[in-house]
Amino acid sequence: MPDERPPRGDSYGMNIAFISRQSPDWASLAADYESGKRLDLYRYKPRHDIPGFPKHIEKWIGAWNRRFGLNFFRCRQILKETAMDLVARVPDSKLMSEADVSVRAYEIGQSESIVFYLDDDDWFDPDLQQRLTELDLDGIDVAVFPLVRLGREVFTFVRAGEAADIVIGERHDFDFRYQTNNYGIRAGRVPLEALPYLKDHVEGSGYADRIALTDGYFDRIVSATNKTPCSASGLPALFDRPDRTVSLIRGYVDGLRAVPIPDSLMWLNEPIDRTIGLFEELIDSARPLFNARVRGWLNRRLGE
């Protein structure tokens, strides 16, 4: 693990590298599920326990697929497409997976890219490059921003003690030094071998403390995270009371529709509208609860 930073020049470019954190191949899972193939559990379940991740995710995904015509894997694939479509519109940016980083490290370093990590449910302003050119990044290693968090509860993460020109929902102090996708790492200053230690916002927060990285905090909202009803951590609560499952999803949709978006953040409207459309389709595909239970019983019997 690297523990010090070599001296670097202070020049920087506006190239942006998005690194997608490891996630299942939702498109192939959806296609295989829809064709009736039996799915290997570890194509979508981590081999080791992860804090906050359901230990029996297969149970909850099974409940989802019995209840809804729109299967869980297809829902996740559509949500990922929404996130990736936004990233694809950012000029002078490149998208790569975690596995690509070691192969393309030289490219990232030479271009002095600003690196953002993201998950399947993380959104970025398509005008991110322009937003970054308006900032003074001299002397900092990591650019940090407020973060809009959409979900059953809507709030904006703001670093404690900082001013906030725009807050959507309630104001919420950061839980950690960094939140999921609100920090951009300057590859021209931070050594490339440090990137894997910064990919997770929780572990990365502690790592940044240990190697004394310098943050610059900017009161500009350039990203959002969208915690939907099919977020893995939320599935147990969604299906704990099957008679309330559809109403919980409908409440999420109604909440999204009511989110007030200021003119300066109009880019959020498109992914919000796409998400609303997806979950309205999901609600329309809901099977009667009795039929879902019978389907589950038959599946268990056929599996014996």
# chains A, B, ... in the order shown; residues from 1 in each chain; ligands from 1

call {"tool": "select_by_dssp", "arguments": {"residues": "region 161-247 of chain A", "states": "strand (DSSP E or B)", "output": "PyMOL selection string"}}
result
chain A and resi 170-173+183-186+215-217+223-226

call {"tool": "residues_around", "arguments": {"residues": "Gly251 (chain A)", "least_positions_apart": "3", "cutoff": "12 Å", "atoms": "only C-alpha atoms", "output": "PyMOL selection string"}}
result
chain A and resi 151-153+228-229+238+244-248+254-258+276+279-280+283

call {"tool": "write_last_selection", "arguments": {"atoms": "N, CA and C atoms", "output": "short mmCIF file (atom, residue, chain, number, x, y, z; two decimals), in the first residue's frame"}}
result
data_model
loop_
_atom_site.label_atom_id
_atom_site.label_comp_id
_atom_site.auth_asym_id
_atom_site.auth_seq_id
_atom_site.Cartn_x
_atom_site.Cartn_y
_atom_site.Cartn_z
N GLY A 151 -34.25 8.84 -3.14
CA GLY A 151 -34.70 7.56 -2.60
C GLY A 151 -36.03 7.77 -1.90
N ARG A 152 -36.39 6.84 -1.02
CA ARG A 152 -37.62 7.03 -0.25
C ARG A 152 -37.52 8.28 0.60
N GLU A 153 -36.29 8.59 1.04
CA GLU A 153 -36.00 9.88 1.65
C GLU A 153 -35.06 10.63 0.72
N THR A 228 -32.83 3.20 -5.30
CA THR A 228 -34.13 2.76 -5.76
C THR A 228 -34.64 1.57 -4.96
N PRO A 229 -35.90 1.16 -5.17
CA PRO A 229 -36.42 -0.03 -4.48
C PRO A 229 -35.66 -1.31 -4.79
N LEU A 238 -38.33 -4.18 1.62
CA LEU A 238 -39.35 -4.10 0.57
C LEU A 238 -40.27 -5.31 0.59
N ARG A 244 -47.39 -4.86 1.41
CA ARG A 244 -47.05 -3.44 1.31
C ARG A 244 -46.04 -3.16 0.20
N THR A 245 -45.56 -4.20 -0.48
CA THR A 245 -44.46 -4.03 -1.44
C THR A 245 -44.81 -3.02 -2.53
N VAL A 246 -45.95 -3.20 -3.17
CA VAL A 246 -46.31 -2.31 -4.28
C VAL A 246 -46.54 -0.89 -3.79
N SER A 247 -47.16 -0.74 -2.62
CA SER A 247 -47.41 0.61 -2.11
C SER A 247 -46.10 1.32 -1.76
N LEU A 248 -45.10 0.58 -1.30
CA LEU A 248 -43.79 1.19 -1.02
C LEU A 248 -43.14 1.69 -2.32
N ASP A 254 -43.92 8.38 -6.36
CA ASP A 254 -44.59 9.66 -6.05
C ASP A 254 -43.60 10.65 -5.44
N GLY A 255 -42.70 10.15 -4.61
CA GLY A 255 -41.70 11.02 -4.02
C GLY A 255 -40.76 11.59 -5.05
N LEU A 256 -40.32 10.76 -5.99
CA LEU A 256 -39.45 11.26 -7.07
C LEU A 256 -40.15 12.33 -7.88
N ARG A 257 -41.42 12.08 -8.17
CA ARG A 257 -42.17 13.04 -8.99
C ARG A 257 -42.31 14.38 -8.29
N ALA A 258 -42.26 14.37 -6.97
CA ALA A 258 -42.45 15.61 -6.20
C ALA A 258 -41.15 16.35 -5.90
N ILE A 276 -38.78 7.11 -13.07
CA ILE A 276 -40.23 7.06 -12.81
C ILE A 276 -40.92 6.14 -13.81
N PHE A 279 -40.24 2.39 -12.96
CA PHE A 279 -40.94 1.83 -11.81
C PHE A 279 -42.46 1.87 -11.98
N GLU A 280 -42.96 2.75 -12.82
CA GLU A 280 -44.38 2.66 -13.17
C GLU A 280 -44.64 1.39 -13.97
N ILE A 283 -44.66 -1.47 -11.49
CA ILE A 283 -45.93 -1.55 -10.75
C ILE A 283 -47.01 -2.19 -11.62
#

call {"tool": "closest_atom_pairs", "arguments": {"of": "region 201-261 of chain A", "to": "region 40-57 of chain A", "cutoff": "8 Å", "atoms": "only C-alpha atoms", "output": "tab-separated table"}}
result
residue	atom	partner	partner_atom	distance
A:Ala232	CA	A:Phe53	CA	6.4
A:Ser233	CA	A:Phe53	CA	5.3
A:Pro236	CA	A:Pro54	CA	7.5

call {"tool": "residues_around", "arguments": {"residues": "Ala164 (chain A)", "least_positions_apart": "6", "cutoff": "10 Å", "atoms": "only C-alpha atoms", "output": "mmCIF file with C-alpha atoms, in the first residue's frame"}}
result
data_model
loop_
_atom_site.group_PDB
_atom_site.id
_atom_site.type_symbol
_atom_site.label_atom_id
_atom_site.label_comp_id
_atom_site.auth_asym_id
_atom_site.auth_seq_id
_atom_site.Cartn_x
_atom_site.Cartn_y
_atom_site.Cartn_z
ATOM 1 C CA PRO A 146 -22.273 18.246 -2.208
ATOM 2 C CA THR A 156 -28.439 16.551 0.056
ATOM 3 C CA PHE A 157 -25.123 15.605 1.625
ATOM 4 C CA VAL A 158 -23.210 18.758 2.591
ATOM 5 C CA ARG A 171 -29.621 18.896 4.467
ATOM 6 C CA PHE A 218 -16.747 23.293 -3.814
ATOM 7 C CA ASP A 219 -20.379 24.237 -3.327
ATOM 8 C CA ARG A 220 -21.454 22.898 -6.721
ATOM 9 C CA ILE A 221 -23.769 19.931 -7.224
#

call {"tool": "closest_residue", "arguments": {"among": "A:Arg67, A:Lys199, A:Arg274, A:Arg241", "to": "Gln22 (chain A)", "atoms": "only C-alpha atoms"}}
result
A:Lys199

call {"tool": "closest_residue", "arguments": {"among": "A:Val144, A:Glu270, A:Gly161, A:Asp121", "to": "Asp215 (chain A)", "atoms": "only C-alpha atoms"}}
result
A:Val144

call {"tool": "closest_residue", "arguments": {"among": "A:Cys75, A:Leu39, A:Met14, A:Val148", "to": "Trp26 (chain A)", "atoms": "only C-alpha atoms"}}
result
A:Cys75

call {"tool": "residues_around", "arguments": {"residues": "Ser97 (chain A)", "least_positions_apart": "2", "cutoff": "10 Å", "atoms": "only C-alpha atoms", "output": "PyMOL selection string"}}
result
chain A and resi 18-23+95+99-101+117-118

call {"tool": "select_by_dssp", "arguments": {"residues": "region 147-250 of chain A", "states": "alpha helix (DSSP H)", "output": "ChimeraX atom specification"}}
result
/A:195-198,201-210,235-240,245-250

call {"tool": "residues_around", "arguments": {"residues": "Ile185 (chain A)", "least_positions_apart": "6", "cutoff": "6 Å", "atoms": "only C-alpha atoms", "output": "ChimeraX atom specification"}}
result
/A:114-115,142

call {"tool": "residues_around", "arguments": {"residues": "Glu112 (chain A)", "least_positions_apart": "3", "cutoff": "10 Å", "atoms": "only C-alpha atoms", "output": "VMD selection string"}}
result
chain A and resid 11 to 17 106 to 109 115 185 to 190

call {"tool": "write_last_selection", "arguments": {"atoms": "N, CA and C atoms", "output": "PDB file, in the first residue's frame"}}
result
ATOM      1  N   SER A  11       0.081  21.562 -12.636  1.00  0.00           N
ATOM      2  CA  SER A  11      -0.740  21.727 -13.829  1.00  0.00           C
ATOM      3  C   SER A  11      -1.775  20.616 -13.872  1.00  0.00           C
ATOM      4  N   TYR A  12      -2.885  20.877 -14.510  1.00  0.00           N
ATOM      5  CA  TYR A  12      -3.921  19.856 -14.613  1.00  0.00           C
ATOM      6  C   TYR A  12      -4.703  20.062 -15.898  1.00  0.00           C
ATOM      7  N   GLY A  13      -5.298  18.984 -16.401  1.00  0.00           N
ATOM      8  CA  GLY A  13      -6.150  19.059 -17.562  1.00  0.00           C
ATOM      9  C   GLY A  13      -7.586  18.851 -17.147  1.00  0.00           C
ATOM     10  N   MET A  14      -8.487  18.932 -18.109  1.00  0.00           N
ATOM     11  CA  MET A  14      -9.892  18.737 -17.825  1.00  0.00           C
ATOM     12  C   MET A  14     -10.381  17.413 -18.388  1.00  0.00           C
ATOM     13  N   ASN A  15      -9.445  16.481 -18.615  1.00  0.00           N
ATOM     14  CA  ASN A  15      -9.869  15.139 -18.988  1.00  0.00           C
ATOM     15  C   ASN A  15     -10.466  14.456 -17.759  1.00  0.00           C
ATOM     16  N   ILE A  16     -11.499  13.669 -17.979  1.00  0.00           N
ATOM     17  CA  ILE A  16     -12.202  13.027 -16.875  1.00  0.00           C
ATOM     18  C   ILE A  16     -12.211  11.528 -17.116  1.00  0.00           C
ATOM     19  N   ALA A  17     -11.846  10.763 -16.093  1.00  0.00           N
ATOM     20  CA  ALA A  17     -11.915   9.301 -16.153  1.00  0.00           C
ATOM     21  C   ALA A  17     -12.965   8.823 -15.159  1.00  0.00           C
ATOM     22  N   TYR A 106      -1.241   4.343 -17.371  1.00  0.00           N
ATOM     23  CA  TYR A 106      -0.371   5.327 -18.030  1.00  0.00           C
ATOM     24  C   TYR A 106      -1.205   6.399 -18.729  1.00  0.00           C
ATOM     25  N   GLU A 107      -2.265   5.960 -19.388  1.00  0.00           N
ATOM     26  CA  GLU A 107      -3.160   6.892 -20.088  1.00  0.00           C
ATOM     27  C   GLU A 107      -3.793   7.874 -19.112  1.00  0.00           C
ATOM     28  N   ILE A 108      -4.237   7.370 -17.964  1.00  0.00           N
ATOM     29  CA  ILE A 108      -4.849   8.238 -16.952  1.00  0.00           C
ATOM     30  C   ILE A 108      -3.825   9.245 -16.434  1.00  0.00           C
ATOM     31  N   GLY A 109      -2.627   8.752 -16.136  1.00  0.00           N
ATOM     32  CA  GLY A 109      -1.596   9.623 -15.582  1.00  0.00           C
ATOM     33  C   GLY A 109      -1.109  10.669 -16.556  1.00  0.00           C
ATOM     34  N   VAL A 115     -10.379  11.738 -11.708  1.00  0.00           N
ATOM     35  CA  VAL A 115     -10.980  10.413 -11.652  1.00  0.00           C
ATOM     36  C   VAL A 115     -12.175  10.410 -10.699  1.00  0.00           C
ATOM     37  N   ILE A 185     -10.628  12.646  -8.036  1.00  0.00           N
ATOM     38  CA  ILE A 185      -9.225  12.462  -7.641  1.00  0.00           C
ATOM     39  C   ILE A 185      -8.333  12.971  -8.775  1.00  0.00           C
ATOM     40  N   ARG A 186      -7.418  13.858  -8.452  1.00  0.00           N
ATOM     41  CA  ARG A 186      -6.539  14.413  -9.483  1.00  0.00           C
ATOM     42  C   ARG A 186      -5.363  13.478  -9.722  1.00  0.00           C
ATOM     43  N   ALA A 187      -5.430  12.761 -10.851  1.00  0.00           N
ATOM     44  CA  ALA A 187      -4.392  11.780 -11.158  1.00  0.00           C
ATOM     45  C   ALA A 187      -3.036  12.439 -11.400  1.00  0.00           C
ATOM     46  N   GLY A 188      -2.995  13.726 -11.653  1.00  0.00           N
ATOM     47  CA  GLY A 188      -1.727  14.417 -11.813  1.00  0.00           C
ATOM     48  C   GLY A 188      -0.999  14.639 -10.506  1.00  0.00           C
ATOM     49  N   ARG A 189      -1.698  14.470  -9.373  1.00  0.00           N
ATOM     50  CA  ARG A 189      -1.102  14.693  -8.053  1.00  0.00           C
ATOM     51  C   ARG A 189      -1.131  13.450  -7.168  1.00  0.00           C
ATOM     52  N   VAL A 190      -2.194  12.691  -7.250  1.00  0.00           N
ATOM     53  CA  VAL A 190      -2.311  11.474  -6.452  1.00  0.00           C
ATOM     54  C   VAL A 190      -1.682  10.325  -7.242  1.00  0.00           C
TER      55      VAL A 190
END

call {"tool": "closest_residue", "arguments": {"among": "A:Ser285, A:Ser35, A:Asn65, A:Asn226", "to": "Phe155 (chain A)", "atoms": "only C-alpha atoms"}}
result
A:Asn226

call {"tool": "decode", "arguments": {"residues": "region 146-270 of chain A", "atoms": "C-alpha atoms", "output": "PDB file, in the first residue's frame"}}
result
ATOM      1  CA  PRO A 146     -22.273  18.246  -2.208  1.00  0.00           C
ATOM      2  CA  LEU A 147     -24.277  15.187  -3.268  1.00  0.00           C
ATOM      3  CA  VAL A 148     -27.997  14.777  -3.928  1.00  0.00           C
ATOM      4  CA  ARG A 149     -29.340  11.495  -2.577  1.00  0.00           C
ATOM      5  CA  LEU A 150     -32.650  10.377  -4.092  1.00  0.00           C
ATOM      6  CA  GLY A 151     -34.700   7.560  -2.599  1.00  0.00           C
ATOM      7  CA  ARG A 152     -37.618   7.026  -0.246  1.00  0.00           C
ATOM      8  CA  GLU A 153     -35.995   9.879   1.654  1.00  0.00           C
ATOM      9  CA  VAL A 154     -34.503  12.732  -0.352  1.00  0.00           C
ATOM     10  CA  PHE A 155     -31.657  14.809   1.014  1.00  0.00           C
ATOM     11  CA  THR A 156     -28.439  16.551   0.056  1.00  0.00           C
ATOM     12  CA  PHE A 157     -25.123  15.605   1.625  1.00  0.00           C
ATOM     13  CA  VAL A 158     -23.210  18.758   2.591  1.00  0.00           C
ATOM     14  CA  ARG A 159     -19.866  18.730   4.400  1.00  0.00           C
ATOM     15  CA  ALA A 160     -20.320  19.881   8.003  1.00  0.00           C
ATOM     16  CA  GLY A 161     -19.682  23.587   8.472  1.00  0.00           C
ATOM     17  CA  GLU A 162     -19.881  24.392   4.755  1.00  0.00           C
ATOM     18  CA  ALA A 163     -22.362  26.726   3.107  1.00  0.00           C
ATOM     19  CA  ALA A 164     -24.921  25.271   0.702  1.00  0.00           C
ATOM     20  CA  ASP A 165     -26.451  27.399  -2.022  1.00  0.00           C
ATOM     21  CA  ILE A 166     -28.794  24.577  -3.114  1.00  0.00           C
ATOM     22  CA  VAL A 167     -30.263  21.814  -0.974  1.00  0.00           C
ATOM     23  CA  ILE A 168     -32.735  19.315  -2.412  1.00  0.00           C
ATOM     24  CA  GLY A 169     -34.766  17.721   0.359  1.00  0.00           C
ATOM     25  CA  GLU A 170     -33.213  17.889   3.814  1.00  0.00           C
ATOM     26  CA  ARG A 171     -29.621  18.896   4.467  1.00  0.00           C
ATOM     27  CA  HIS A 172     -27.520  15.982   5.751  1.00  0.00           C
ATOM     28  CA  ASP A 173     -23.930  16.130   6.969  1.00  0.00           C
ATOM     29  CA  PHE A 174     -21.440  13.816   5.274  1.00  0.00           C
ATOM     30  CA  ASP A 175     -21.240  10.387   6.887  1.00  0.00           C
ATOM     31  CA  PHE A 176     -17.600  10.132   5.811  1.00  0.00           C
ATOM     32  CA  ARG A 177     -14.930  12.364   4.322  1.00  0.00           C
ATOM     33  CA  TYR A 178     -16.253  11.304   0.898  1.00  0.00           C
ATOM     34  CA  GLN A 179     -19.646  10.043  -0.237  1.00  0.00           C
ATOM     35  CA  THR A 180     -20.325   7.510  -2.993  1.00  0.00           C
ATOM     36  CA  ASN A 181     -19.616   9.596  -6.123  1.00  0.00           C
ATOM     37  CA  ASN A 182     -18.963  13.162  -4.972  1.00  0.00           C
ATOM     38  CA  TYR A 183     -15.174  13.192  -5.097  1.00  0.00           C
ATOM     39  CA  GLY A 184     -12.827  13.643  -8.044  1.00  0.00           C
ATOM     40  CA  ILE A 185      -9.225  12.462  -7.641  1.00  0.00           C
ATOM     41  CA  ARG A 186      -6.539  14.413  -9.483  1.00  0.00           C
ATOM     42  CA  ALA A 187      -4.392  11.780 -11.158  1.00  0.00           C
ATOM     43  CA  GLY A 188      -1.727  14.417 -11.813  1.00  0.00           C
ATOM     44  CA  ARG A 189      -1.102  14.693  -8.053  1.00  0.00           C
ATOM     45  CA  VAL A 190      -2.311  11.474  -6.452  1.00  0.00           C
ATOM     46  CA  PRO A 191      -0.127   8.466  -7.384  1.00  0.00           C
ATOM     47  CA  LEU A 192      -1.890   5.996  -9.643  1.00  0.00           C
ATOM     48  CA  GLU A 193      -1.102   3.092  -7.323  1.00  0.00           C
ATOM     49  CA  ALA A 194      -3.276   4.817  -4.709  1.00  0.00           C
ATOM     50  CA  LEU A 195      -6.447   4.675  -6.823  1.00  0.00           C
ATOM     51  CA  PRO A 196      -7.579   1.185  -5.712  1.00  0.00           C
ATOM     52  CA  TYR A 197      -7.479   2.374  -2.097  1.00  0.00           C
ATOM     53  CA  LEU A 198      -9.749   5.304  -2.919  1.00  0.00           C
ATOM     54  CA  LYS A 199     -12.390   3.439  -4.933  1.00  0.00           C
ATOM     55  CA  ASP A 200     -14.687   2.778  -1.964  1.00  0.00           C
ATOM     56  CA  HIS A 201     -15.814   6.009  -0.348  1.00  0.00           C
ATOM     57  CA  VAL A 202     -15.735   4.578   3.181  1.00  0.00           C
ATOM     58  CA  GLU A 203     -12.304   2.952   2.988  1.00  0.00           C
ATOM     59  CA  GLY A 204     -11.066   5.760   0.749  1.00  0.00           C
ATOM     60  CA  SER A 205     -11.977   8.344   3.376  1.00  0.00           C
ATOM     61  CA  GLY A 206      -9.733   6.668   5.923  1.00  0.00           C
ATOM     62  CA  TYR A 207      -6.961   6.150   3.385  1.00  0.00           C
ATOM     63  CA  ALA A 208      -7.025   9.823   2.380  1.00  0.00           C
ATOM     64  CA  ASP A 209      -6.573  10.714   6.057  1.00  0.00           C
ATOM     65  CA  ARG A 210      -3.597   8.368   6.420  1.00  0.00           C
ATOM     66  CA  ILE A 211      -1.656   9.699   3.431  1.00  0.00           C
ATOM     67  CA  ALA A 212      -2.708  13.307   4.131  1.00  0.00           C
ATOM     68  CA  LEU A 213      -4.428  14.121   0.869  1.00  0.00           C
ATOM     69  CA  THR A 214      -5.570  17.721   0.451  1.00  0.00           C
ATOM     70  CA  ASP A 215      -9.257  18.282  -0.348  1.00  0.00           C
ATOM     71  CA  GLY A 216     -10.851  21.252  -2.014  1.00  0.00           C
ATOM     72  CA  TYR A 217     -14.558  21.557  -1.213  1.00  0.00           C
ATOM     73  CA  PHE A 218     -16.747  23.293  -3.814  1.00  0.00           C
ATOM     74  CA  ASP A 219     -20.379  24.237  -3.327  1.00  0.00           C
ATOM     75  CA  ARG A 220     -21.454  22.898  -6.721  1.00  0.00           C
ATOM     76  CA  ILE A 221     -23.769  19.931  -7.224  1.00  0.00           C
ATOM     77  CA  VAL A 222     -22.306  17.862 -10.059  1.00  0.00           C
ATOM     78  CA  SER A 223     -23.641  14.400  -9.178  1.00  0.00           C
ATOM     79  CA  ALA A 224     -26.435  12.450  -7.519  1.00  0.00           C
ATOM     80  CA  THR A 225     -27.040   8.937  -6.272  1.00  0.00           C
ATOM     81  CA  ASN A 226     -30.352   7.184  -6.786  1.00  0.00           C
ATOM     82  CA  LYS A 227     -31.280   4.602  -4.125  1.00  0.00           C
ATOM     83  CA  THR A 228     -34.134   2.763  -5.762  1.00  0.00           C
ATOM     84  CA  PRO A 229     -36.418  -0.025  -4.481  1.00  0.00           C
ATOM     85  CA  CYS A 230     -34.112  -2.564  -6.168  1.00  0.00           C
ATOM     86  CA  SER A 231     -31.005  -1.451  -4.286  1.00  0.00           C
ATOM     87  CA  ALA A 232     -29.753  -4.678  -2.700  1.00  0.00           C
ATOM     88  CA  SER A 233     -29.666  -3.284   0.826  1.00  0.00           C
ATOM     89  CA  GLY A 234     -33.337  -2.261   0.603  1.00  0.00           C
ATOM     90  CA  LEU A 235     -34.797  -5.554  -0.640  1.00  0.00           C
ATOM     91  CA  PRO A 236     -35.446  -7.161   2.772  1.00  0.00           C
ATOM     92  CA  ALA A 237     -37.542  -4.184   3.920  1.00  0.00           C
ATOM     93  CA  LEU A 238     -39.348  -4.098   0.571  1.00  0.00           C
ATOM     94  CA  PHE A 239     -40.520  -7.712   0.885  1.00  0.00           C
ATOM     95  CA  ASP A 240     -40.750  -8.039   4.659  1.00  0.00           C
ATOM     96  CA  ARG A 241     -44.470  -7.255   4.358  1.00  0.00           C
ATOM     97  CA  PRO A 242     -45.491  -8.523   0.882  1.00  0.00           C
ATOM     98  CA  ASP A 243     -48.872  -6.818   1.164  1.00  0.00           C
ATOM     99  CA  ARG A 244     -47.054  -3.440   1.306  1.00  0.00           C
ATOM    100  CA  THR A 245     -44.464  -4.033  -1.438  1.00  0.00           C
ATOM    101  CA  VAL A 246     -46.315  -2.310  -4.279  1.00  0.00           C
ATOM    102  CA  SER A 247     -47.411   0.613  -2.113  1.00  0.00           C
ATOM    103  CA  LEU A 248     -43.795   1.187  -1.024  1.00  0.00           C
ATOM    104  CA  ILE A 249     -42.675   1.319  -4.646  1.00  0.00           C
ATOM    105  CA  ARG A 250     -45.559   3.621  -5.516  1.00  0.00           C
ATOM    106  CA  GLY A 251     -44.520   5.890  -2.642  1.00  0.00           C
ATOM    107  CA  TYR A 252     -40.971   6.002  -4.035  1.00  0.00           C
ATOM    108  CA  VAL A 253     -42.303   6.976  -7.475  1.00  0.00           C
ATOM    109  CA  ASP A 254     -44.588   9.660  -6.055  1.00  0.00           C
ATOM    110  CA  GLY A 255     -41.698  11.016  -4.016  1.00  0.00           C
ATOM    111  CA  LEU A 256     -39.449  11.257  -7.069  1.00  0.00           C
ATOM    112  CA  ARG A 257     -42.170  13.036  -8.992  1.00  0.00           C
ATOM    113  CA  ALA A 258     -42.451  15.612  -6.205  1.00  0.00           C
ATOM    114  CA  VAL A 259     -38.725  16.422  -5.979  1.00  0.00           C
ATOM    115  CA  PRO A 260     -38.264  20.163  -6.691  1.00  0.00           C
ATOM    116  CA  ILE A 261     -35.466  20.596  -9.231  1.00  0.00           C
ATOM    117  CA  PRO A 262     -33.967  24.106  -9.523  1.00  0.00           C
ATOM    118  CA  ASP A 263     -33.175  25.515 -12.956  1.00  0.00           C
ATOM    119  CA  SER A 264     -29.432  25.081 -12.412  1.00  0.00           C
ATOM    120  CA  LEU A 265     -29.894  21.310 -12.008  1.00  0.00           C
ATOM    121  CA  MET A 266     -32.277  20.665 -14.881  1.00  0.00           C
ATOM    122  CA  TRP A 267     -30.017  17.801 -16.021  1.00  0.00           C
ATOM    123  CA  LEU A 268     -31.560  15.739 -13.213  1.00  0.00           C
ATOM    124  CA  ASN A 269     -34.994  15.773 -14.850  1.00  0.00           C
ATOM    125  CA  GLU A 270     -34.140  13.273 -17.573  1.00  0.00           C
TER     126      GLU A 270
END
